[in-house]
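Student: Can you keep this structure in mind? I'll have questions shortly.
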Amino acid sequence: MDNAIDLIHFDRSIYTKPDYEITASKLINYNNESVNPEELGTYLEGDILIPFPHKNSRNGLISQIYRWPNNTIPYLIEGTFTLDELDKLRIGFNEYHIKTCIRFIPRTIETDYITIVNGKSGCWSSIGKIGGRQEINLQTPACLSKGSGTFIHELMHVGNQSTISAFGLPYDYGSIMHYSPFAFSSNGQPTIIAKFPTNSMGQRIGFSSHDISKINAMYKCDQQISQNHNNLGHAQ
């Protein structure tokens with residue numbers, strides 16, 4: 001179970017289809033406002049879409065969604081992105097490659113892979129590896145209006161693991177996964193108020209230092225890097 005995400009506690013509402021109406025409309029009219037674009041979706045937590053039916057479902061509910069083997073995620077880019085938008089995707093991938101041991105590789109013949117599209121249904125992705133072709137949707141230009149941040153956020157969902165441990169690190173207002181202060185507000189008032197003053201809550205610039213530490217602890221990146229160095233040493 002260490003390599004699986006247990007979602008059995010959710011009801012059937014976790015299954016969703018792309019929303020080409022409400023979410024699409026909000027994103028078409030998005031103007032870099034006080035909430036992040038992925039927080040405007042009608043999906044679970046704003047941007048998590050689990051397609052239905054699912055091959056790993058049990059009694060109508062998802063039981064387990066798995067991690068990607070060897071921390072390696074094959075991908076295709078199938079959306080119609082501008083050169084500037086493609087550069088933002090490249091920067092997002094590089095954030096992982098430079099700072100973690102998670103690797104995104106162009107898909108060749110892999111049967112399980114992610115594909116990056118830009119349909120008019122908001123910013124969304126699934127959790128973990130659900131099997132087969134798995135979409136990350138980035139409705140443009142809104143979902144890439146804050147640089148690569150929303151893309152990095154969505155990639156965190158597909159690379160996620162079951163654990164919610166903080167690995168001994170303090171609560172991180174500046175995490176790229178944290179909601180903005182006005183997320184899901186129905187009256188224009190803050191929905192999240194920091195216990196301590198901060199300007200970083202809900203930022204979509206890039207990984208916080210704690211994000212990097214958690215990812216590397218979660219995926220045992222330090223051990224892998226050490227092993228790779230040892231292997232290189234023996235090869236010499």
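Each chain in the structure tokens gets a letter, A, B and so on, in the order shown; residues start at 1 in every chain, and ligands are counted from 1 in the order they appear.
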Give me the residues within 9 Å of Asn118 of chain A as a PDB file with all heavy atoms, in the first residue's frame, counting only C-alpha atoms and dropping any in the same chain fewer than 4 places off.

Tutor:
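Now in out.pdb:
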ATOM      1  N   GLU A  78      -0.371  17.495 -26.503  1.00  0.00           N
ATOM      2  CA  GLU A  78      -1.327  17.396 -27.607  1.00  0.00           C
ATOM      3  C   GLU A  78      -2.173  18.651 -27.790  1.00  0.00           C
ATOM      4  O   GLU A  78      -2.917  18.762 -28.749  1.00  0.00           O
ATOM      5  CB  GLU A  78      -2.246  16.191 -27.397  1.00  0.00           C
ATOM      6  CG  GLU A  78      -1.501  14.870 -27.418  1.00  0.00           C
ATOM      7  CD  GLU A  78      -2.424  13.668 -27.299  1.00  0.00           C
ATOM      8  OE1 GLU A  78      -3.376  13.726 -26.511  1.00  0.00           O
ATOM      9  OE2 GLU A  78      -2.178  12.682 -28.004  1.00  0.00           O
ATOM     10  N   GLY A  79      -2.046  19.605 -26.846  1.00  0.00           N
ATOM     11  CA  GLY A  79      -2.806  20.834 -26.968  1.00  0.00           C
ATOM     12  C   GLY A  79      -2.203  21.763 -28.012  1.00  0.00           C
ATOM     13  O   GLY A  79      -1.068  21.585 -28.459  1.00  0.00           O
ATOM     14  N   THR A  80      -2.976  22.765 -28.386  1.00  0.00           N
ATOM     15  CA  THR A  80      -2.505  23.783 -29.322  1.00  0.00           C
ATOM     16  C   THR A  80      -1.975  24.962 -28.519  1.00  0.00           C
ATOM     17  O   THR A  80      -2.704  25.903 -28.194  1.00  0.00           O
ATOM     18  CB  THR A  80      -3.651  24.247 -30.246  1.00  0.00           C
ATOM     19  OG1 THR A  80      -4.237  23.100 -30.879  1.00  0.00           O
ATOM     20  CG2 THR A  80      -3.136  25.201 -31.320  1.00  0.00           C
ATOM     21  N   PHE A  81      -0.702  24.892 -28.161  1.00  0.00           N
ATOM     22  CA  PHE A  81      -0.072  25.902 -27.324  1.00  0.00           C
ATOM     23  C   PHE A  81       0.801  26.826 -28.168  1.00  0.00           C
ATOM     24  O   PHE A  81       1.381  26.405 -29.168  1.00  0.00           O
ATOM     25  CB  PHE A  81       0.789  25.239 -26.243  1.00  0.00           C
ATOM     26  CG  PHE A  81       0.023  24.413 -25.257  1.00  0.00           C
ATOM     27  CD1 PHE A  81      -0.053  23.035 -25.381  1.00  0.00           C
ATOM     28  CD2 PHE A  81      -0.634  25.017 -24.188  1.00  0.00           C
ATOM     29  CE1 PHE A  81      -0.758  22.257 -24.462  1.00  0.00           C
ATOM     30  CE2 PHE A  81      -1.337  24.267 -23.266  1.00  0.00           C
ATOM     31  CZ  PHE A  81      -1.411  22.884 -23.403  1.00  0.00           C
ATOM     32  N   GLY A 122     -11.159  24.385 -18.029  1.00  0.00           N
ATOM     33  CA  GLY A 122     -10.460  24.783 -16.818  1.00  0.00           C
ATOM     34  C   GLY A 122      -9.071  24.195 -16.683  1.00  0.00           C
ATOM     35  O   GLY A 122      -8.479  23.696 -17.641  1.00  0.00           O
ATOM     36  N   CYS A 123      -8.541  24.271 -15.467  1.00  0.00           N
ATOM     37  CA  CYS A 123      -7.227  23.722 -15.123  1.00  0.00           C
ATOM     38  C   CYS A 123      -7.479  22.507 -14.246  1.00  0.00           C
ATOM     39  O   CYS A 123      -8.027  22.652 -13.153  1.00  0.00           O
ATOM     40  CB  CYS A 123      -6.392  24.733 -14.347  1.00  0.00           C
ATOM     41  SG  CYS A 123      -6.489  26.454 -14.886  1.00  0.00           S
ATOM     42  N   ILE A 136      -3.885  16.126 -18.442  1.00  0.00           N
ATOM     43  CA  ILE A 136      -3.779  17.356 -17.670  1.00  0.00           C
ATOM     44  C   ILE A 136      -4.326  18.437 -18.579  1.00  0.00           C
ATOM     45  O   ILE A 136      -3.839  18.612 -19.705  1.00  0.00           O
ATOM     46  CB  ILE A 136      -2.327  17.688 -17.278  1.00  0.00           C
ATOM     47  CG1 ILE A 136      -1.806  16.704 -16.235  1.00  0.00           C
ATOM     48  CG2 ILE A 136      -2.231  19.110 -16.738  1.00  0.00           C
ATOM     49  CD1 ILE A 136      -0.380  16.989 -15.806  1.00  0.00           C
ATOM     50  N   ASN A 137      -5.344  19.145 -18.131  1.00  0.00           N
ATOM     51  CA  ASN A 137      -5.927  20.199 -18.967  1.00  0.00           C
ATOM     52  C   ASN A 137      -5.502  21.568 -18.461  1.00  0.00           C
ATOM     53  O   ASN A 137      -5.595  21.866 -17.267  1.00  0.00           O
ATOM     54  CB  ASN A 137      -7.448  20.111 -18.965  1.00  0.00           C
ATOM     55  CG  ASN A 137      -8.055  20.947 -20.088  1.00  0.00           C
ATOM     56  OD1 ASN A 137      -8.060  20.522 -21.243  1.00  0.00           O
ATOM     57  ND2 ASN A 137      -8.542  22.138 -19.773  1.00  0.00           N
ATOM     58  N   LEU A 138      -5.033  22.390 -19.376  1.00  0.00           N
ATOM     59  CA  LEU A 138      -4.615  23.752 -19.064  1.00  0.00           C
ATOM     60  C   LEU A 138      -5.308  24.695 -20.038  1.00  0.00           C
ATOM     61  O   LEU A 138      -4.773  24.992 -21.112  1.00  0.00           O
ATOM     62  CB  LEU A 138      -3.094  23.887 -19.176  1.00  0.00           C
ATOM     63  CG  LEU A 138      -2.247  23.007 -18.258  1.00  0.00           C
ATOM     64  CD1 LEU A 138      -0.783  23.029 -18.698  1.00  0.00           C
ATOM     65  CD2 LEU A 138      -2.374  23.464 -16.808  1.00  0.00           C
ATOM     66  N   GLN A 139      -6.509  25.120 -19.689  1.00  0.00           N
ATOM     67  CA  GLN A 139      -7.246  26.034 -20.567  1.00  0.00           C
ATOM     68  C   GLN A 139      -6.437  27.320 -20.721  1.00  0.00           C
ATOM     69  O   GLN A 139      -6.131  27.997 -19.744  1.00  0.00           O
ATOM     70  CB  GLN A 139      -8.626  26.343 -19.994  1.00  0.00           C
ATOM     71  CG  GLN A 139      -9.459  27.267 -20.865  1.00  0.00           C
ATOM     72  CD  GLN A 139     -10.873  27.458 -20.328  1.00  0.00           C
ATOM     73  OE1 GLN A 139     -11.379  26.598 -19.600  1.00  0.00           O
ATOM     74  NE2 GLN A 139     -11.504  28.559 -20.679  1.00  0.00           N
ATOM     75  N   THR A 140      -6.084  27.623 -21.933  1.00  0.00           N
ATOM     76  CA  THR A 140      -5.264  28.805 -22.183  1.00  0.00           C
ATOM     77  C   THR A 140      -6.126  29.966 -22.667  1.00  0.00           C
ATOM     78  O   THR A 140      -7.178  29.769 -23.277  1.00  0.00           O
ATOM     79  CB  THR A 140      -4.182  28.489 -23.240  1.00  0.00           C
ATOM     80  OG1 THR A 140      -4.800  27.877 -24.374  1.00  0.00           O
ATOM     81  CG2 THR A 140      -3.138  27.567 -22.674  1.00  0.00           C
ATOM     82  N   PRO A 141      -5.681  31.196 -22.339  1.00  0.00           N
ATOM     83  CA  PRO A 141      -4.410  31.525 -21.674  1.00  0.00           C
ATOM     84  C   PRO A 141      -4.464  31.486 -20.149  1.00  0.00           C
ATOM     85  O   PRO A 141      -3.435  31.613 -19.501  1.00  0.00           O
ATOM     86  CB  PRO A 141      -4.148  32.957 -22.146  1.00  0.00           C
ATOM     87  CG  PRO A 141      -5.518  33.544 -22.304  1.00  0.00           C
ATOM     88  CD  PRO A 141      -6.387  32.414 -22.810  1.00  0.00           C
ATOM     89  N   CYS A 143      -4.809  29.327 -17.593  1.00  0.00           N
ATOM     90  CA  CYS A 143      -4.077  28.390 -16.737  1.00  0.00           C
ATOM     91  C   CYS A 143      -2.566  28.584 -16.795  1.00  0.00           C
ATOM     92  O   CYS A 143      -1.840  28.037 -15.955  1.00  0.00           O
ATOM     93  CB  CYS A 143      -4.431  26.950 -17.099  1.00  0.00           C
ATOM     94  SG  CYS A 143      -6.166  26.536 -16.842  1.00  0.00           S
TER      95      CYS A 143
END

Student: Please provide the set of residues having any atom within 10 Å of Ser145 of chain A, restricted to only C-alpha atoms, with same-chain residues fewer than 2 positions apart removed, written as a ChimeraX atom specification.

Tutor: /A:30-32,36-37,85,88,140-143,147-150

Student: Restricting the output to all heavy atoms, write the selected residues as a compact mmCIF listing (two decimals), in the first residue's frame.

Tutor:
# COMPACT_ATOMS: atom_id res chain seq x y z
N TYR A 30 -11.24 35.07 -16.95
CA TYR A 30 -10.23 35.23 -15.90
C TYR A 30 -9.27 36.36 -16.25
O TYR A 30 -8.80 36.48 -17.38
CB TYR A 30 -9.45 33.93 -15.73
CG TYR A 30 -8.42 33.95 -14.63
CD1 TYR A 30 -8.81 33.81 -13.30
CD2 TYR A 30 -7.07 34.10 -14.91
CE1 TYR A 30 -7.87 33.82 -12.28
CE2 TYR A 30 -6.12 34.11 -13.90
CZ TYR A 30 -6.54 33.97 -12.58
OH TYR A 30 -5.61 33.99 -11.58
N ASN A 31 -8.98 37.18 -15.25
CA ASN A 31 -8.15 38.35 -15.49
C ASN A 31 -7.06 38.47 -14.42
O ASN A 31 -6.88 39.54 -13.83
CB ASN A 31 -9.00 39.62 -15.54
CG ASN A 31 -8.22 40.82 -16.02
OD1 ASN A 31 -7.23 40.69 -16.75
ND2 ASN A 31 -8.63 42.01 -15.60
N ASN A 32 -6.36 37.35 -14.14
CA ASN A 32 -5.25 37.37 -13.18
C ASN A 32 -5.67 37.96 -11.85
O ASN A 32 -4.98 38.79 -11.26
CB ASN A 32 -4.08 38.15 -13.77
CG ASN A 32 -2.74 37.62 -13.25
OD1 ASN A 32 -2.63 36.46 -12.86
ND2 ASN A 32 -1.73 38.46 -13.26
N ASN A 36 -6.28 31.86 -7.79
CA ASN A 36 -5.58 31.16 -8.85
C ASN A 36 -6.59 30.52 -9.80
O ASN A 36 -7.67 30.11 -9.38
CB ASN A 36 -4.66 30.09 -8.26
CG ASN A 36 -3.53 30.70 -7.46
OD1 ASN A 36 -2.85 31.60 -7.93
ND2 ASN A 36 -3.33 30.21 -6.24
N PRO A 37 -6.26 30.39 -11.08
CA PRO A 37 -7.25 29.89 -12.04
C PRO A 37 -7.75 28.49 -11.74
O PRO A 37 -8.93 28.18 -11.96
CB PRO A 37 -6.50 29.94 -13.39
CG PRO A 37 -5.05 30.01 -13.04
CD PRO A 37 -4.99 30.75 -11.75
N GLU A 85 3.73 29.62 -24.44
CA GLU A 85 3.10 28.66 -23.52
C GLU A 85 3.91 27.37 -23.45
O GLU A 85 4.07 26.79 -22.36
CB GLU A 85 1.67 28.39 -23.97
CG GLU A 85 0.75 29.58 -23.75
CD GLU A 85 -0.56 29.49 -24.51
OE1 GLU A 85 -0.70 28.59 -25.38
OE2 GLU A 85 -1.44 30.33 -24.26
N LYS A 88 6.67 27.80 -21.09
CA LYS A 88 6.24 27.70 -19.70
C LYS A 88 6.12 26.24 -19.27
O LYS A 88 6.44 25.89 -18.13
CB LYS A 88 4.92 28.43 -19.50
CG LYS A 88 5.04 29.95 -19.64
CD LYS A 88 3.69 30.64 -19.55
CE LYS A 88 3.85 32.14 -19.71
NZ LYS A 88 2.56 32.86 -19.69
N THR A 140 -6.08 27.62 -21.93
CA THR A 140 -5.26 28.81 -22.18
C THR A 140 -6.13 29.97 -22.67
O THR A 140 -7.18 29.77 -23.28
CB THR A 140 -4.18 28.49 -23.24
OG1 THR A 140 -4.80 27.88 -24.37
CG2 THR A 140 -3.14 27.57 -22.67
N PRO A 141 -5.68 31.20 -22.34
CA PRO A 141 -4.41 31.52 -21.67
C PRO A 141 -4.46 31.49 -20.15
O PRO A 141 -3.43 31.61 -19.50
CB PRO A 141 -4.15 32.96 -22.15
CG PRO A 141 -5.52 33.54 -22.30
CD PRO A 141 -6.39 32.41 -22.81
N ALA A 142 -5.65 31.32 -19.54
CA ALA A 142 -5.81 31.51 -18.10
C ALA A 142 -4.89 30.62 -17.27
O ALA A 142 -4.24 31.09 -16.33
CB ALA A 142 -7.26 31.27 -17.70
N CYS A 143 -4.81 29.33 -17.59
CA CYS A 143 -4.08 28.39 -16.74
C CYS A 143 -2.57 28.58 -16.79
O CYS A 143 -1.84 28.04 -15.96
CB CYS A 143 -4.43 26.95 -17.10
SG CYS A 143 -6.17 26.54 -16.84
N GLY A 147 2.59 32.25 -15.29
CA GLY A 147 3.83 31.52 -15.58
C GLY A 147 3.61 30.02 -15.55
O GLY A 147 2.58 29.51 -16.00
N SER A 148 4.57 29.31 -14.98
CA SER A 148 4.51 27.84 -14.93
C SER A 148 3.87 27.31 -13.66
O SER A 148 3.73 26.10 -13.51
CB SER A 148 5.93 27.27 -15.05
OG SER A 148 6.56 27.70 -16.23
N GLY A 149 3.48 28.20 -12.75
CA GLY A 149 3.03 27.77 -11.43
C GLY A 149 1.86 26.82 -11.41
O GLY A 149 1.88 25.80 -10.72
N THR A 150 0.81 27.13 -12.18
CA THR A 150 -0.36 26.25 -12.19
C THR A 150 -0.01 24.90 -12.81
O THR A 150 -0.49 23.85 -12.35
CB THR A 150 -1.52 26.91 -12.96
OG1 THR A 150 -1.97 28.05 -12.22
CG2 THR A 150 -2.69 25.94 -13.15

Student: What does the distance from atom CA of Ile105 of chain A to atom CA of Trp124 of chain A come to in Å, to one decimal?

Tutor: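 Distance reported for this atom pair: 20.4 Å.
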
Student: Name all residues at most 10 Å from Gly206 of chain A (count only C-alpha atoms; drop same-chain ones fewer than 5 positions away) and give them as JSON, numbers by chain.

Tutor: {"A": [91, 92, 95, 147, 148, 149, 150, 151, 152, 153, 174, 175, 176, 177, 211]}

Student: Go through A:Ser34, A:Asn29, A:Gln134, A:Gln189 one by one, measure the shortest atom-to-atom distance of each to Tyr75 of chain A using only C-alpha atoms, and give the residue with the smallest value.

Tutor: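 Among the listed residues, the smallest separation from Tyr75 of chain A belongs to A:Gln134.
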
Student: How far is it from atom CA of Pro18 of chain A to atom CA of Glu110 of chain A, in Å with one decimal?

Tutor: 24.5 Å

Student: Set the distance at 10 Å and use only C-alpha atoms: which residues neighbour segment 99-103 of chain A once local chain neighbours fewer than 5 positions away are removed? I'd like the list as number ranges by chain.

Tutor: A: 68, 70-74, 93-94, 159, 207, 209, 211-217, 219-225

Student: With only C-alpha atoms as the basis for distance, which of A:Pro181, A:Pro197, A:Pro170, A:Pro69 is at the shortest distance from Val35 of chain A?

Tutor: A:Pro181

Student: From a backbone DSSP assignment, name each residue in segment 2-227 of chain A labelled strand (DSSP E or B), as a compact mmCIF listing (two decimals) with N, CA and C atoms, in the first residue's frame.

Tutor:
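Written file, result-v8.txt:
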# COMPACT_ATOMS: atom_id res chain seq x y z
N ALA A 4 0.39 3.33 -3.13
CA ALA A 4 -0.98 3.58 -3.57
C ALA A 4 -1.61 4.71 -2.77
N ILE A 5 -2.57 5.38 -3.41
CA ILE A 5 -3.36 6.44 -2.78
C ILE A 5 -4.74 5.87 -2.53
N ASP A 6 -5.17 5.83 -1.28
CA ASP A 6 -6.46 5.26 -0.93
C ASP A 6 -7.52 6.35 -0.96
N TYR A 15 -16.11 11.13 -9.05
CA TYR A 15 -16.08 10.92 -10.49
C TYR A 15 -16.62 12.17 -11.19
N TYR A 43 -14.60 21.14 -9.96
CA TYR A 43 -14.10 19.81 -9.64
C TYR A 43 -13.76 19.68 -8.16
N LEU A 44 -13.41 18.47 -7.75
CA LEU A 44 -12.97 18.24 -6.38
C LEU A 44 -11.77 19.13 -6.08
N GLY A 46 -11.42 22.02 -6.68
CA GLY A 46 -11.26 23.01 -7.73
C GLY A 46 -10.61 22.50 -8.99
N ILE A 48 -9.26 18.78 -9.34
CA ILE A 48 -8.99 17.34 -9.38
C ILE A 48 -10.14 16.64 -10.08
N ILE A 50 -11.37 12.96 -11.55
CA ILE A 50 -11.19 11.51 -11.66
C ILE A 50 -12.22 11.00 -12.66
N SER A 57 -11.61 0.79 -10.10
CA SER A 57 -12.73 1.06 -9.21
C SER A 57 -13.20 -0.23 -8.54
N ARG A 58 -13.85 -0.08 -7.38
CA ARG A 58 -14.34 -1.23 -6.66
C ARG A 58 -15.68 -0.86 -6.05
N LEU A 61 -16.63 2.70 -6.29
CA LEU A 61 -15.74 3.69 -5.68
C LEU A 61 -14.30 3.36 -6.03
N ILE A 62 -13.51 4.40 -6.21
CA ILE A 62 -12.09 4.19 -6.42
C ILE A 62 -11.47 3.68 -5.14
N GLN A 64 -7.85 2.39 -5.11
CA GLN A 64 -6.43 2.72 -5.11
C GLN A 64 -6.04 3.37 -6.43
N ILE A 65 -5.20 4.37 -6.33
CA ILE A 65 -4.58 4.97 -7.50
C ILE A 65 -3.08 4.94 -7.23
N TYR A 66 -2.31 4.55 -8.23
CA TYR A 66 -0.93 4.19 -7.96
C TYR A 66 0.08 5.26 -8.33
N THR A 72 9.11 8.03 -12.80
CA THR A 72 9.25 8.48 -14.18
C THR A 72 7.87 8.53 -14.84
N ILE A 73 7.54 9.68 -15.43
CA ILE A 73 6.21 9.91 -15.99
C ILE A 73 6.32 10.25 -17.47
N PRO A 74 5.91 9.34 -18.36
CA PRO A 74 5.91 9.65 -19.80
C PRO A 74 4.82 10.68 -20.12
N TYR A 75 5.10 11.55 -21.08
CA TYR A 75 4.12 12.58 -21.41
C TYR A 75 4.06 12.85 -22.91
N LEU A 76 2.92 13.36 -23.33
CA LEU A 76 2.73 13.92 -24.67
C LEU A 76 2.15 15.31 -24.51
N ILE A 77 2.47 16.20 -25.42
CA ILE A 77 1.82 17.51 -25.48
C ILE A 77 0.94 17.51 -26.72
N ARG A 103 11.06 12.46 -12.91
CA ARG A 103 11.44 12.71 -14.28
C ARG A 103 10.23 12.60 -15.21
N PHE A 104 10.08 13.58 -16.08
CA PHE A 104 9.07 13.56 -17.13
C PHE A 104 9.79 13.32 -18.45
N ILE A 105 9.40 12.24 -19.13
CA ILE A 105 10.08 11.87 -20.37
C ILE A 105 9.07 11.83 -21.51
N PRO A 106 9.47 12.20 -22.74
CA PRO A 106 8.54 12.10 -23.88
C PRO A 106 8.07 10.67 -24.05
N TYR A 113 0.50 7.01 -19.50
CA TYR A 113 1.20 8.28 -19.73
C TYR A 113 0.23 9.44 -19.51
N ILE A 114 0.79 10.64 -19.34
CA ILE A 114 -0.04 11.83 -19.26
C ILE A 114 0.02 12.56 -20.60
N THR A 115 -1.07 13.22 -20.92
CA THR A 115 -1.09 14.06 -22.11
C THR A 115 -1.57 15.44 -21.70
N ILE A 116 -0.93 16.45 -22.21
CA ILE A 116 -1.20 17.82 -21.81
C ILE A 116 -2.00 18.50 -22.92
N VAL A 117 -3.22 18.90 -22.57
CA VAL A 117 -4.13 19.50 -23.54
C VAL A 117 -4.60 20.85 -23.02
N CYS A 123 -8.54 24.27 -15.47
CA CYS A 123 -7.23 23.72 -15.12
C CYS A 123 -7.48 22.51 -14.25
N TRP A 124 -7.11 21.32 -14.69
CA TRP A 124 -7.36 20.14 -13.87
C TRP A 124 -6.43 18.99 -14.22
N SER A 125 -6.34 18.06 -13.28
CA SER A 125 -5.60 16.83 -13.47
C SER A 125 -6.15 15.79 -12.51
N LYS A 129 -1.31 7.85 -10.70
CA LYS A 129 -1.38 7.16 -12.00
C LYS A 129 -2.69 6.37 -12.07
N ARG A 133 -4.18 6.54 -21.00
CA ARG A 133 -4.00 7.96 -21.34
C ARG A 133 -4.65 8.81 -20.26
N GLN A 134 -3.90 9.73 -19.71
CA GLN A 134 -4.34 10.51 -18.56
C GLN A 134 -4.10 11.98 -18.84
N GLU A 135 -5.15 12.78 -18.83
CA GLU A 135 -5.03 14.17 -19.25
C GLU A 135 -4.70 15.12 -18.11
N ILE A 136 -3.88 16.13 -18.44
CA ILE A 136 -3.78 17.36 -17.67
C ILE A 136 -4.33 18.44 -18.58
N ASN A 137 -5.34 19.15 -18.13
CA ASN A 137 -5.93 20.20 -18.97
C ASN A 137 -5.50 21.57 -18.46
N LEU A 138 -5.03 22.39 -19.38
CA LEU A 138 -4.62 23.75 -19.06
C LEU A 138 -5.31 24.70 -20.04

Student: Pick from A:Asp47, A:Gly132, A:Lys26, A:Leu89: nearest to Ile109 of chain A, with only C-alpha atoms counted?

Tutor: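 Among the listed residues, A:Gly132 lies closest to Ile109 of chain A.
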
Student: Within 12 Å of Thr198 of chain A, counting only C-alpha atoms, which residues qualify if same-chain residues fewer than 4 places away don't, as a list in words?

Tutor: Asp172, Tyr173, Gly174, Ser175, Ser180, Pro181, Ile192, Ile193, Ala194, Gly202 and Gln203 of chain A

Student: Got time to write the residues from that selection, C-alpha atoms, as an mmCIF file, in the first residue's frame?

Tutor:
data_model
loop_
_atom_site.group_PDB
_atom_site.id
_atom_site.type_symbol
_atom_site.label_atom_id
_atom_site.label_comp_id
_atom_site.auth_asym_id
_atom_site.auth_seq_id
_atom_site.Cartn_x
_atom_site.Cartn_y
_atom_site.Cartn_z
ATOM 1 C CA ASP A 172 3.961 25.801 4.633
ATOM 2 C CA TYR A 173 1.875 28.829 3.623
ATOM 3 C CA GLY A 174 4.161 29.254 0.624
ATOM 4 C CA SER A 175 3.631 25.777 -0.834
ATOM 5 C CA SER A 180 -4.939 31.480 -2.103
ATOM 6 C CA PRO A 181 -6.637 33.513 0.677
ATOM 7 C CA ILE A 192 -8.239 31.378 4.654
ATOM 8 C CA ILE A 193 -6.531 33.670 7.134
ATOM 9 C CA ALA A 194 -2.905 33.006 8.008
ATOM 10 C CA GLY A 202 -1.314 30.727 -2.735
ATOM 11 C CA GLN A 203 1.792 31.696 -4.699
#
